[in-house]
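See below for target37.cif, which holds mmCIF, C-alpha atoms.
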data_entry
#
loop_
_atom_site.group_PDB
_atom_site.id
_atom_site.type_symbol
_atom_site.label_atom_id
_atom_site.label_comp_id
_atom_site.auth_asym_id
_atom_site.auth_seq_id
_atom_site.Cartn_x
_atom_site.Cartn_y
_atom_site.Cartn_z
ATOM 1 C CA MET C 3 1.981 13.425 16.959
ATOM 2 C CA SER C 4 3.855 11.828 19.847
ATOM 3 C CA THR C 5 6.534 14.182 21.156
ATOM 4 C CA ASP C 6 9.012 11.289 20.943
ATOM 5 C CA VAL C 7 8.433 10.718 17.210
ATOM 6 C CA THR C 8 9.749 13.110 14.575
ATOM 7 C CA ASP C 9 8.684 13.644 10.971
ATOM 8 C CA ALA C 10 11.964 12.004 9.947
ATOM 9 C CA ASP C 11 11.110 8.912 12.032
ATOM 10 C CA LEU C 12 7.736 8.633 10.318
ATOM 11 C CA ALA C 13 9.327 9.087 6.909
ATOM 12 C CA THR C 14 11.846 6.289 7.543
ATOM 13 C CA ALA C 15 9.121 3.876 8.677
ATOM 14 C CA ALA C 16 6.942 4.840 5.718
ATOM 15 C CA ASP C 17 9.803 4.164 3.308
ATOM 16 C CA THR C 18 10.130 0.651 4.775
ATOM 17 C CA ALA C 19 6.410 0.006 4.327
ATOM 18 C CA VAL C 20 6.285 1.273 0.752
ATOM 19 C CA GLY C 21 9.655 -0.078 -0.348
ATOM 20 C CA GLN C 22 10.564 -3.267 1.532
ATOM 21 C CA CYS C 23 7.067 -4.452 2.434
ATOM 22 C CA LEU C 24 5.067 -3.467 -0.677
ATOM 23 C CA ASN C 25 7.930 -3.254 -3.181
ATOM 24 C CA LEU C 26 5.925 -0.550 -4.945
ATOM 25 C CA ALA C 27 6.940 0.167 -8.553
ATOM 26 C CA ALA C 28 6.855 3.448 -10.461
ATOM 27 C CA ASP C 29 4.201 2.200 -12.893
ATOM 28 C CA GLU C 30 1.806 1.050 -10.150
ATOM 29 C CA SER C 31 -1.118 2.745 -8.405
ATOM 30 C CA ILE C 32 -1.537 2.932 -4.642
ATOM 31 C CA VAL C 33 -4.288 4.099 -2.307
ATOM 32 C CA ILE C 34 -3.564 5.212 1.257
ATOM 33 C CA VAL C 35 -6.664 4.769 3.441
ATOM 34 C CA THR C 36 -6.665 6.620 6.749
ATOM 35 C CA ASP C 37 -8.981 8.417 9.154
ATOM 36 C CA ASP C 38 -9.093 11.655 11.103
ATOM 37 C CA GLU C 39 -7.087 10.269 14.037
ATOM 38 C CA ARG C 40 -4.319 8.607 12.005
ATOM 39 C CA ARG C 41 -3.711 11.307 9.421
ATOM 40 C CA PRO C 42 0.009 11.938 10.265
ATOM 41 C CA ILE C 43 0.820 8.302 9.500
ATOM 42 C CA GLY C 44 -1.346 8.354 6.398
ATOM 43 C CA GLU C 45 0.387 11.482 5.139
ATOM 44 C CA ALA C 46 3.838 9.959 5.754
ATOM 45 C CA LEU C 47 2.870 6.881 3.737
ATOM 46 C CA TYR C 48 1.411 9.039 0.973
ATOM 47 C CA ALA C 49 4.632 11.074 0.780
ATOM 48 C CA ALA C 50 6.697 7.884 0.559
ATOM 49 C CA ALA C 51 4.425 6.519 -2.145
ATOM 50 C CA ARG C 52 4.592 9.783 -4.124
ATOM 51 C CA ASP C 53 8.358 9.459 -4.176
ATOM 52 C CA VAL C 54 7.864 6.222 -6.106
ATOM 53 C CA THR C 55 4.783 6.712 -8.283
ATOM 54 C CA ASP C 56 2.654 9.523 -9.670
ATOM 55 C CA ASP C 57 -0.465 7.359 -9.276
ATOM 56 C CA ALA C 58 -0.919 7.764 -5.528
ATOM 57 C CA THR C 59 -4.126 8.720 -3.700
ATOM 58 C CA ILE C 60 -4.948 9.339 -0.040
ATOM 59 C CA LEU C 61 -8.482 8.859 1.289
ATOM 60 C CA GLN C 62 -9.579 9.981 4.762
ATOM 61 C CA TYR C 63 -12.816 9.295 6.627
ATOM 62 C CA PRO C 64 -14.117 9.496 10.230
ATOM 63 C CA PRO C 65 -12.959 6.636 12.507
ATOM 64 C CA GLY C 66 -15.250 3.620 12.474
ATOM 65 C CA GLU C 67 -17.309 2.600 15.477
ATOM 66 C CA GLN C 68 -15.998 -0.971 15.829
ATOM 67 C CA HIS C 69 -13.045 -3.078 14.760
ATOM 68 C CA GLY C 70 -14.137 -5.068 11.734
ATOM 69 C CA GLY C 71 -16.708 -2.498 10.629
ATOM 70 C CA GLU C 72 -16.850 -1.765 6.909
ATOM 71 C CA PRO C 73 -15.261 1.455 5.576
ATOM 72 C CA PRO C 74 -17.303 3.817 3.360
ATOM 73 C CA ALA C 75 -18.311 2.441 -0.038
ATOM 74 C CA ALA C 76 -16.050 4.898 -1.872
ATOM 75 C CA VAL C 77 -13.055 3.616 0.076
ATOM 76 C CA ALA C 78 -13.942 0.005 -0.702
ATOM 77 C CA GLU C 79 -14.254 0.807 -4.409
ATOM 78 C CA ALA C 80 -10.892 2.571 -4.491
ATOM 79 C CA MET C 81 -9.150 -0.312 -2.718
ATOM 80 C CA ALA C 82 -10.485 -2.802 -5.255
ATOM 81 C CA ALA C 83 -9.378 -0.650 -8.201
ATOM 82 C CA THR C 84 -5.724 -0.138 -7.243
ATOM 83 C CA ASP C 85 -2.516 -2.157 -7.453
ATOM 84 C CA ALA C 86 -1.608 -1.622 -3.808
ATOM 85 C CA PHE C 87 -3.046 -0.163 -0.612
ATOM 86 C CA LEU C 88 -1.953 0.756 2.899
ATOM 87 C CA ALA C 89 -4.556 1.411 5.592
ATOM 88 C CA PRO C 90 -3.493 3.049 8.864
ATOM 89 C CA THR C 91 -6.838 3.370 10.673
ATOM 90 C CA THR C 92 -8.111 3.705 14.219
ATOM 91 C CA LYS C 93 -10.508 0.766 13.865
ATOM 92 C CA SER C 94 -9.345 -2.341 12.030
ATOM 93 C CA ILE C 95 -10.517 -2.975 8.478
ATOM 94 C CA SER C 96 -8.418 -6.142 8.199
ATOM 95 C CA HIS C 97 -11.411 -8.439 8.589
ATOM 96 C CA THR C 98 -13.841 -6.637 6.287
ATOM 97 C CA ARG C 99 -15.439 -7.437 2.967
ATOM 98 C CA ALA C 100 -13.823 -4.284 1.562
ATOM 99 C CA ARG C 101 -10.335 -5.571 2.291
ATOM 100 C CA GLY C 102 -11.131 -9.102 1.164
ATOM 101 C CA ASP C 103 -12.750 -7.920 -2.067
ATOM 102 C CA ALA C 104 -9.750 -5.707 -2.829
ATOM 103 C CA CYS C 105 -7.346 -8.638 -2.531
ATOM 104 C CA GLU C 106 -9.636 -10.874 -4.565
ATOM 105 C CA ALA C 107 -9.566 -8.192 -7.270
ATOM 106 C CA GLY C 108 -5.758 -8.414 -7.312
ATOM 107 C CA ALA C 109 -4.774 -5.517 -5.062
ATOM 108 C CA ARG C 110 -2.007 -6.241 -2.574
ATOM 109 C CA GLY C 111 -1.648 -4.359 0.630
ATOM 110 C CA ALA C 112 -1.467 -4.063 4.378
ATOM 111 C CA THR C 113 -3.668 -2.734 7.127
ATOM 112 C CA LEU C 114 -2.270 -0.961 10.196
ATOM 113 C CA PRO C 115 -5.214 -1.108 12.633
ATOM 114 C CA GLY C 116 -4.992 1.013 15.769
ATOM 115 C CA ILE C 117 -1.509 2.128 14.763
ATOM 116 C CA THR C 118 0.167 4.943 16.692
ATOM 117 C CA GLU C 119 3.180 6.975 15.671
ATOM 118 C CA SER C 120 5.412 5.207 18.184
ATOM 119 C CA VAL C 121 4.217 1.714 17.209
ATOM 120 C CA PHE C 122 4.585 2.607 13.531
ATOM 121 C CA VAL C 123 8.205 3.644 14.024
ATOM 122 C CA THR C 124 9.065 0.723 16.333
ATOM 123 C CA GLY C 125 7.254 -1.956 14.345
ATOM 124 C CA LEU C 126 8.628 -0.974 10.952
ATOM 125 C CA ASP C 127 12.194 -1.021 12.272
ATOM 126 C CA ALA C 128 12.482 -4.736 11.493
ATOM 127 C CA ASP C 129 14.110 -7.246 9.176
ATOM 128 C CA TYR C 130 11.084 -8.598 7.351
ATOM 129 C CA ALA C 131 13.104 -11.238 5.524
ATOM 130 C CA ALA C 132 14.038 -12.728 8.925
ATOM 131 C CA ILE C 133 10.421 -12.526 10.055
ATOM 132 C CA ALA C 134 9.403 -14.450 6.940
ATOM 133 C CA ASP C 135 11.913 -17.175 7.835
ATOM 134 C CA HIS C 136 10.468 -17.556 11.344
ATOM 135 C CA CYS C 137 6.964 -17.710 9.884
ATOM 136 C CA ALA C 138 8.038 -20.501 7.535
ATOM 137 C CA THR C 139 9.532 -22.527 10.403
ATOM 138 C CA VAL C 140 6.388 -22.292 12.540
ATOM 139 C CA HIS C 141 4.140 -22.958 9.559
ATOM 140 C CA ASP C 142 6.024 -26.167 8.801
ATOM 141 C CA ARG C 143 5.297 -27.406 12.333
ATOM 142 C CA VAL C 144 1.576 -26.612 12.451
ATOM 143 C CA ALA C 145 0.394 -27.176 8.870
ATOM 144 C CA GLY C 146 -1.702 -30.311 8.670
ATOM 145 C CA ALA C 147 -2.138 -30.654 12.451
ATOM 146 C CA ASP C 148 -5.253 -32.447 13.669
ATOM 147 C CA THR C 149 -5.169 -30.708 17.048
ATOM 148 C CA VAL C 150 -3.324 -27.749 18.550
ATOM 149 C CA ARG C 151 -3.446 -27.366 22.319
ATOM 150 C CA VAL C 152 -2.345 -24.192 24.109
ATOM 151 C CA THR C 153 -1.608 -23.949 27.818
ATOM 152 C CA THR C 154 -0.237 -21.068 29.893
ATOM 153 C CA PRO C 155 0.795 -20.493 33.520
ATOM 154 C CA ALA C 156 -2.174 -18.080 33.822
ATOM 155 C CA GLY C 157 -4.660 -20.936 33.391
ATOM 156 C CA THR C 158 -5.186 -21.386 29.668
ATOM 157 C CA ASP C 159 -5.957 -24.912 28.491
ATOM 158 C CA VAL C 160 -7.718 -24.866 25.141
ATOM 159 C CA THR C 161 -7.617 -27.266 22.207
ATOM 160 C CA PHE C 162 -8.233 -26.272 18.588
ATOM 161 C CA GLU C 163 -9.102 -28.433 15.615
ATOM 162 C CA PRO C 164 -8.103 -26.616 12.408
ATOM 163 C CA GLY C 165 -9.864 -29.179 10.236
ATOM 164 C CA ASP C 166 -9.464 -28.343 6.566
ATOM 165 C CA ARG C 167 -8.730 -24.670 7.259
ATOM 166 C CA GLU C 168 -5.423 -23.324 5.937
ATOM 167 C CA TRP C 169 -2.715 -21.912 8.181
ATOM 168 C CA ASN C 170 -1.640 -18.458 6.978
ATOM 169 C CA THR C 171 1.607 -16.541 7.374
ATOM 170 C CA ASP C 172 1.722 -12.794 8.001
ATOM 171 C CA THR C 173 5.265 -11.912 6.942
ATOM 172 C CA GLY C 174 4.936 -8.246 6.063
ATOM 173 C CA LEU C 175 6.129 -8.973 2.516
ATOM 174 C CA VAL C 176 3.250 -8.259 0.136
ATOM 175 C CA HIS C 177 4.820 -8.369 -3.312
ATOM 176 C CA GLU C 178 2.352 -10.421 -5.368
ATOM 177 C CA PRO C 179 -1.188 -9.553 -6.541
ATOM 178 C CA GLY C 180 -3.702 -10.345 -3.815
ATOM 179 C CA ASP C 181 -1.105 -10.593 -1.045
ATOM 180 C CA PHE C 182 -2.179 -9.221 2.332
ATOM 181 C CA SER C 183 -0.525 -8.551 5.672
ATOM 182 C CA ASN C 184 -0.798 -6.525 8.821
ATOM 183 C CA LEU C 185 1.952 -4.048 9.525
ATOM 184 C CA PRO C 186 3.793 -4.412 11.794
ATOM 185 C CA ALA C 187 3.853 -8.089 10.830
ATOM 186 C CA GLY C 188 4.948 -11.457 12.127
ATOM 187 C CA GLU C 189 2.494 -14.263 12.838
ATOM 188 C CA VAL C 190 1.220 -17.654 11.722
ATOM 189 C CA PHE C 191 -2.525 -18.057 12.161
ATOM 190 C CA VAL C 192 -5.563 -20.162 11.403
ATOM 191 C CA SER C 193 -9.322 -19.900 11.718
ATOM 192 C CA PRO C 194 -10.045 -23.233 13.437
ATOM 193 C CA GLU C 195 -13.108 -25.277 12.599
ATOM 194 C CA THR C 196 -13.779 -25.766 16.304
ATOM 195 C CA ALA C 197 -12.247 -25.358 19.758
ATOM 196 C CA ASP C 198 -12.935 -26.306 23.377
ATOM 197 C CA GLY C 199 -11.498 -25.249 26.718
ATOM 198 C CA THR C 200 -10.501 -22.095 28.575
ATOM 199 C CA TYR C 201 -8.166 -19.300 27.574
ATOM 200 C CA VAL C 202 -6.882 -16.567 29.841
ATOM 201 C CA VAL C 203 -5.629 -13.287 28.386
ATOM 202 C CA ASP C 204 -2.820 -11.845 30.493
ATOM 203 C CA GLY C 205 -1.105 -9.665 27.891
ATOM 204 C CA THR C 206 -2.997 -7.120 25.804
ATOM 205 C CA MET C 207 -6.621 -6.821 24.744
ATOM 206 C CA ARG C 208 -8.854 -3.987 23.655
ATOM 207 C CA PRO C 209 -10.325 -1.903 25.200
ATOM 208 C CA HIS C 210 -7.956 -2.335 28.168
ATOM 209 C CA GLY C 211 -4.602 -2.228 26.415
ATOM 210 C CA LEU C 212 -1.729 -3.775 28.371
ATOM 211 C CA LEU C 213 -3.101 -5.630 31.379
ATOM 212 C CA ALA C 214 -1.695 -5.177 34.873
ATOM 213 C CA ASP C 215 0.484 -7.987 36.239
ATOM 214 C CA ASP C 216 -2.395 -9.431 38.292
ATOM 215 C CA GLU C 217 -5.159 -8.781 35.713
ATOM 216 C CA ARG C 218 -6.725 -11.720 33.859
ATOM 217 C CA LEU C 219 -9.511 -11.976 31.286
ATOM 218 C CA THR C 220 -11.051 -15.447 31.156
ATOM 219 C CA PHE C 221 -12.991 -16.950 28.259
ATOM 220 C CA GLU C 222 -14.777 -20.314 28.152
ATOM 221 C CA VAL C 223 -15.059 -22.022 24.760
ATOM 222 C CA GLU C 224 -17.340 -24.867 23.714
ATOM 223 C CA ASP C 225 -17.807 -26.323 20.232
ATOM 224 C CA GLY C 226 -16.089 -23.347 18.611
ATOM 225 C CA TYR C 227 -18.033 -20.623 20.418
ATOM 226 C CA VAL C 228 -17.195 -18.457 23.404
ATOM 227 C CA THR C 229 -19.752 -19.268 26.079
ATOM 228 C CA ALA C 230 -18.547 -17.095 28.972
ATOM 229 C CA ILE C 231 -16.527 -13.857 29.214
ATOM 230 C CA SER C 232 -15.285 -12.653 32.599
ATOM 231 C CA ASP C 233 -14.788 -9.017 31.572
ATOM 232 C CA PRO C 234 -17.956 -6.859 31.349
ATOM 233 C CA GLU C 235 -16.591 -4.370 28.792
ATOM 234 C CA ILE C 236 -15.556 -7.081 26.331
ATOM 235 C CA ARG C 237 -18.790 -8.937 26.995
ATOM 236 C CA GLU C 238 -20.738 -5.778 26.085
ATOM 237 C CA GLN C 239 -18.837 -5.468 22.784
ATOM 238 C CA VAL C 240 -19.667 -9.050 21.845
ATOM 239 C CA GLU C 241 -23.291 -8.662 22.939
ATOM 240 C CA ALA C 242 -23.560 -5.550 20.744
ATOM 241 C CA GLY C 243 -22.279 -7.576 17.787
ATOM 242 C CA ALA C 244 -24.769 -10.322 18.586
ATOM 243 C CA GLU C 245 -27.605 -7.850 18.138
ATOM 244 C CA THR C 246 -26.692 -7.847 14.448
ATOM 245 C CA VAL C 247 -25.449 -11.376 13.730
ATOM 246 C CA GLY C 248 -26.601 -13.453 16.700
ATOM 247 C CA ARG C 249 -24.422 -16.352 17.812
ATOM 248 C CA ASP C 250 -21.796 -15.627 15.160
ATOM 249 C CA ALA C 251 -20.497 -12.753 17.300
ATOM 250 C CA TYR C 252 -19.258 -15.403 19.763
ATOM 251 C CA ASN C 253 -17.365 -17.374 17.124
ATOM 252 C CA LEU C 254 -13.871 -18.499 18.141
ATOM 253 C CA ALA C 255 -12.283 -16.879 15.128
ATOM 254 C CA GLU C 256 -8.510 -17.231 15.262
ATOM 255 C CA LEU C 257 -5.485 -18.879 16.783
ATOM 256 C CA GLY C 258 -2.264 -16.980 16.070
ATOM 257 C CA ILE C 259 1.397 -17.511 16.982
ATOM 258 C CA GLY C 260 3.726 -14.481 17.090
ATOM 259 C CA THR C 261 6.970 -14.651 15.091
ATOM 260 C CA ASN C 262 8.427 -11.124 15.235
ATOM 261 C CA VAL C 263 11.656 -11.466 17.225
ATOM 262 C CA GLY C 264 12.142 -7.708 17.068
ATOM 263 C CA VAL C 265 9.240 -7.169 19.483
ATOM 264 C CA THR C 266 10.865 -7.738 22.871
ATOM 265 C CA ASP C 267 8.179 -6.315 25.186
ATOM 266 C CA LEU C 268 4.405 -5.945 25.116
ATOM 267 C CA VAL C 269 3.470 -2.269 24.914
ATOM 268 C CA GLY C 270 -0.336 -2.305 24.962
ATOM 269 C CA SER C 271 -0.922 -2.187 21.203
ATOM 270 C CA VAL C 272 -2.754 -5.290 19.953
ATOM 271 C CA LEU C 273 -1.365 -4.676 16.474
ATOM 272 C CA LEU C 274 2.230 -4.902 17.704
ATOM 273 C CA ASP C 275 1.863 -7.210 20.705
ATOM 274 C CA GLU C 276 0.118 -10.023 18.833
ATOM 275 C CA LYS C 277 3.226 -10.268 16.645
ATOM 276 C CA ALA C 278 5.637 -10.638 19.582
ATOM 277 C CA ALA C 279 7.678 -13.821 19.237
ATOM 278 C CA GLY C 280 6.762 -16.457 21.788
ATOM 279 C CA THR C 281 3.192 -15.249 22.334
ATOM 280 C CA VAL C 282 -0.163 -16.656 21.237
ATOM 281 C CA HIS C 283 -3.281 -14.662 20.450
ATOM 282 C CA ILE C 284 -6.872 -15.835 20.233
ATOM 283 C CA ALA C 285 -9.713 -13.863 18.672
ATOM 284 C CA ILE C 286 -13.504 -13.729 18.820
ATOM 285 C CA GLY C 287 -15.848 -12.799 15.965
ATOM 286 C CA ASP C 288 -15.245 -12.496 12.237
ATOM 287 C CA ASP C 289 -13.097 -15.070 10.452
ATOM 288 C CA ALA C 290 -14.431 -14.915 6.886
ATOM 289 C CA SER C 291 -11.411 -12.928 5.734
ATOM 290 C CA ILE C 292 -8.880 -15.389 7.182
ATOM 291 C CA GLY C 293 -10.239 -18.683 5.912
ATOM 292 C CA GLY C 294 -13.375 -19.178 7.983
ATOM 293 C CA ASP C 295 -17.037 -18.789 7.122
ATOM 294 C CA THR C 296 -18.340 -16.481 9.862
ATOM 295 C CA GLU C 297 -19.115 -12.841 9.179
ATOM 296 C CA ALA C 298 -19.396 -10.612 12.230
ATOM 297 C CA PRO C 299 -18.926 -6.870 12.890
ATOM 298 C CA LEU C 300 -16.047 -7.460 15.315
ATOM 299 C CA HIS C 301 -12.714 -9.242 15.648
ATOM 300 C CA LEU C 302 -11.305 -9.065 19.166
ATOM 301 C CA ASP C 303 -7.764 -10.382 19.751
ATOM 302 C CA GLY C 304 -6.337 -11.217 23.162
ATOM 303 C CA ILE C 305 -2.617 -11.893 23.703
ATOM 304 C CA LEU C 306 -1.400 -14.719 25.959
ATOM 305 C CA ARG C 307 2.034 -14.672 27.578
ATOM 306 C CA ASN C 308 4.361 -17.673 27.994
ATOM 307 C CA PRO C 309 2.298 -20.241 26.090
ATOM 308 C CA THR C 310 3.173 -23.857 25.436
ATOM 309 C CA VAL C 311 1.868 -25.040 22.069
ATOM 310 C CA TYR C 312 1.296 -28.746 21.486
ATOM 311 C CA VAL C 313 0.846 -29.986 17.915
ATOM 312 C CA ASP C 314 -0.852 -33.388 17.895
ATOM 313 C CA GLY C 315 0.357 -33.874 21.453
ATOM 314 C CA GLU C 316 3.959 -32.744 20.983
ATOM 315 C CA ALA C 317 5.252 -29.422 22.338
ATOM 316 C CA ILE C 318 6.914 -27.284 19.677
ATOM 317 C CA ASP C 319 9.590 -24.620 19.903
ATOM 318 C CA LEU C 320 8.374 -21.063 19.418
ATOM 319 C CA PRO C 321 10.469 -18.155 18.131
ATOM 320 C CA SER C 322 11.950 -16.084 20.933
ATOM 321 C CA ALA C 323 13.177 -12.510 21.072
#
Let's see the structure in the file written out as structure tokens.
Amino acid sequence: MSTDVTDADLATAADTAVGQCLNLAADESIVIVTDDERRPIGEALYAAARDVTDDATILQYPPGEQHGGEPPAAVAEAMAATDAFLAPTTKSISHTRARGDACEAGARGATLPGITESVFVTGLDADYAAIADHCATVHDRVAGADTVRVTTPAGTDVTFEPGDREWNTDTGLVHEPGDFSNLPAGEVFVSPETADGTYVVDGTMRPHGLLADDERLTFEVEDGYVTAISDPEIREQVEAGAETVGRDAYNLAELGIGTNVGVTDLVGSVLLDEKAAGTVHIAIGDDASIGGDTEAPLHLDGILRNPTVYVDGEAIDLPSA
């Protein structure tokens, strides 16, 4: 555990997740899914859940090899057979069939991919009702858009066509059967039908974490696919995915707009930084779990600072911290 985070801090954050975010009831079941490297967070969530219900289970497995990789079959089965789930894991299971099948079966829950003790405590110290309001405001502006163009001072100029794809809100409030969110939460996002242009990541992206002030990762996009990647480590990850699914690994998977005004600075955690109000994130790979039709064993988000977002040619106001 981080020396700056106490057991009491973890317990307070876990209570927020179980109570405010999930609204867990005494007659409901819950499964906590964690791995060897995130066990302290998993145990804190399990303890908070046990304070509410007797039907609580914690499952632990070795960390996955890649974000978007499927968890063990036993974990997937348990998630689909419960009322609620929380999944603090090293590698993201947000964009997996296991998570999607669980929600389709009526389970509600949240994933906490790559979560650390400090991010858990910081990110759960938030007013999720206010975050939901900001999500609603942004959603009203982008829903139904024919085109969304994003530019940044770092060199981004990319245009997305959502087509018939739905815009989703990640509010952190998962109270109804089938509801899903990341925690920490706060974004409005879509899996666009196509996109063209260039985007430049100057915030946070795995495996680098928070980029240096002069560091830039450049991606070229054509007809909805990433055609060039400046960074060799990220390029290797996508090429590894392509060995399994071919061109689908290069799919331009997501456009997201951060709405969490409680996140005032990027810290190097994709999970937290992509929620920061006034940022945009763009992802490569799997989008089947967020309204697209591409299945891939990866989902790589990159955060862009200081974006301007144009909806059908008109710049919109973004939430600000």
Next on the checklist: Let me make sure I understand: among C:Ile231, C:Leu185, C:Ile236, C:Ile292, which one has the smallest atom-to-atom distance to Gly211 in chain C if we use only C-alpha atoms?
Outcome noted: C:Ile236
Checklist entry - Given the file above and the PyMOL selection byres ((chain C and resi 80) around 10), which residues are selected, and can you give them as a PyMOL selection string? => result chain C and resi 32-35+59+61+75-79+81-84+87+100+104
Next on the checklist: Considering only C-alpha atoms, can you say which of C:Arg40, C:Arg143, C:Arg151, C:His301 comes closest to Thr92 in chain C?
Outcome noted: C:Arg40
Kindly compute an axis-aligned box around the listed atoms of range 18-34 of chain C, allowing 8 Å on each side, and express its centre and edge lengths in Å to one decimal as AutoDock Vina command-line options.
--center_x 3.1 --center_y 0.4 --center_z -4.1 --size_x 30.9 --size_y 25.7 --size_z 33.7
Checklist entry - Residues around (-15.7, -14.8, 32.0), cut-off 10 Å, counting only C-alpha atoms - what are they as a ChimeraX atom specification? => result /C:200-202,218-222,228-234,236-237
Please tabulate, as JSON lines, the residues of range 146-245 of chain C that come within 9 Å of range 266-272 of chain C, each with its closest pair of atoms and the distance in Å to one decimal, counting all atoms listed in the file and ordering rows by chain, then residue number upward.
{"residue": "C:Gly205", "atom": "CA", "partner": "C:Leu268", "partner_atom": "CA", "distance": 7.2}
{"residue": "C:Thr206", "atom": "CA", "partner": "C:Gly270", "partner_atom": "CA", "distance": 5.6}
{"residue": "C:Met207", "atom": "CA", "partner": "C:Val272", "partner_atom": "CA", "distance": 6.3}
{"residue": "C:Arg208", "atom": "CA", "partner": "C:Val272", "partner_atom": "CA", "distance": 7.3}
{"residue": "C:His210", "atom": "CA", "partner": "C:Gly270", "partner_atom": "CA", "distance": 8.3}
{"residue": "C:Gly211", "atom": "CA", "partner": "C:Gly270", "partner_atom": "CA", "distance": 4.5}
{"residue": "C:Leu212", "atom": "CA", "partner": "C:Gly270", "partner_atom": "CA", "distance": 4.0}
{"residue": "C:Leu213", "atom": "CA", "partner": "C:Gly270", "partner_atom": "CA", "distance": 7.7}
Next on the checklist: If the PyMOL selection byres ((chain C and resi 116-133) around 9) were run on this exact file, what residues would it hold? Put them as number ranges by chain.
Outcome noted: C: 3-4, 6-7, 11-12, 14-16, 18-19, 22-23, 40, 42-43, 90-94, 114-115, 134-138, 172-175, 185-189, 261-265, 269, 271-274
Checklist entry - Out of C:Asp275, C:Thr153, C:Val192, C:Glu45, which residue has the shortest atom-to-atom distance to Ala317 in chain C when counting all atoms listed in the file? => result C:Thr153
Checklist entry - Separation of CA of Arg307 in chain C and CA of Pro209 in chain C, in Å? => result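 Value for the CA of Arg307 in chain C-CA of Pro209 in chain C distance: 17.9 Å.
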Quick one: which range 178-286 of chain C residues come within 12 Å of range 25-30 of chain C, and what is the nearest atom pair for each with the distance in Å to one decimal, counting only C-alpha atoms, rows ordered by chain and ascending number, as a Markdown table?
| residue | atom | partner | partner_atom | distance |
| --- | --- | --- | --- | --- |
| C:Glu178 | CA | C:Asn25 | CA | 9.3 |
| C:Pro179 | CA | C:Asn25 | CA | 11.6 |
| C:Asp181 | CA | C:Asn25 | CA | 11.8 |
Checklist entry - If you count all atoms listed in the file, which residues fall within 8 Å of range 250-260 of chain C, apart from same-chain ones fewer than 3 positions away, as JSON, numbers by chain? => result {"C": [188, 189, 190, 191, 192, 193, 194, 196, 197, 223, 226, 227, 228, 229, 240, 241, 243, 244, 247, 276, 277, 278, 279, 280, 281, 282, 283, 284, 285, 286, 287, 288, 289, 294, 296, 297, 298, 299, 300, 301, 321]}
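Straight-line separation from CA of Ala107 in chain C to CA of Leu302 in chain C: 26.5 Å.
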Checklist entry - Got a sec: who's within 8 Å of Gly111 in chain C, counting all atoms listed in the file, leaving out chain neighbours fewer than 2 positions off, as a list in words? => result Leu24, Ala86, Phe87, Leu88, Cys105, Ala109, Thr113, Val176, Gly180, Asp181, Phe182 and Ser183 of chain C
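Across the model, the gap from CA of Thr139 in chain C to CA of Ser322 in chain C is 12.6 Å.
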Checklist entry - Which residue gives the smallest distance to Asp159 in chain C among C:Val311, C:Asp215, C:Gly21, C:Asp53, with all atoms listed in the file counted? => result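 Residue with the minimum atom-to-atom distance to Asp159 in chain C: C:Val311.
Of the listed residues C:Asp103, C:Asp148, C:Glu238, C:Asp303, the one whose atoms come nearest to His69 in chain C is C:Asp303, with distances taken using only C-alpha atoms.
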Atoms added to range 46-53 of chain C (N, CA, C and O atoms), reported as a PDB file, in the frame of the given file:
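Dumped everything to selection00.pdb:
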ATOM      1  N   ALA C  46       2.464  10.445   5.927  1.00  0.00           N
ATOM      2  CA  ALA C  46       3.838   9.959   5.754  1.00  0.00           C
ATOM      3  C   ALA C  46       3.884   8.852   4.709  1.00  0.00           C
ATOM      4  O   ALA C  46       4.794   8.813   3.863  1.00  0.00           O
ATOM      5  N   LEU C  47       2.918   7.956   4.728  1.00  0.00           N
ATOM      6  CA  LEU C  47       2.870   6.881   3.737  1.00  0.00           C
ATOM      7  C   LEU C  47       2.581   7.428   2.347  1.00  0.00           C
ATOM      8  O   LEU C  47       3.168   6.974   1.351  1.00  0.00           O
ATOM      9  N   TYR C  48       1.708   8.418   2.264  1.00  0.00           N
ATOM     10  CA  TYR C  48       1.411   9.039   0.973  1.00  0.00           C
ATOM     11  C   TYR C  48       2.661   9.707   0.395  1.00  0.00           C
ATOM     12  O   TYR C  48       2.964   9.566  -0.800  1.00  0.00           O
ATOM     13  N   ALA C  49       3.404  10.409   1.246  1.00  0.00           N
ATOM     14  CA  ALA C  49       4.632  11.074   0.780  1.00  0.00           C
ATOM     15  C   ALA C  49       5.640  10.048   0.282  1.00  0.00           C
ATOM     16  O   ALA C  49       6.294  10.251  -0.763  1.00  0.00           O
ATOM     17  N   ALA C  50       5.771   8.924   0.997  1.00  0.00           N
ATOM     18  CA  ALA C  50       6.697   7.884   0.559  1.00  0.00           C
ATOM     19  C   ALA C  50       6.253   7.266  -0.759  1.00  0.00           C
ATOM     20  O   ALA C  50       7.072   6.988  -1.646  1.00  0.00           O
ATOM     21  N   ALA C  51       4.954   7.081  -0.901  1.00  0.00           N
ATOM     22  CA  ALA C  51       4.425   6.519  -2.145  1.00  0.00           C
ATOM     23  C   ALA C  51       4.621   7.480  -3.311  1.00  0.00           C
ATOM     24  O   ALA C  51       4.947   7.065  -4.432  1.00  0.00           O
ATOM     25  N   ARG C  52       4.427   8.781  -3.061  1.00  0.00           N
ATOM     26  CA  ARG C  52       4.592   9.783  -4.124  1.00  0.00           C
ATOM     27  C   ARG C  52       6.028   9.866  -4.609  1.00  0.00           C
ATOM     28  O   ARG C  52       6.292  10.262  -5.749  1.00  0.00           O
ATOM     29  N   ASP C  53       6.961   9.492  -3.748  1.00  0.00           N
ATOM     30  CA  ASP C  53       8.358   9.459  -4.176  1.00  0.00           C
ATOM     31  C   ASP C  53       8.622   8.337  -5.175  1.00  0.00           C
ATOM     32  O   ASP C  53       9.641   8.366  -5.886  1.00  0.00           O
TER      33      ASP C  53
END
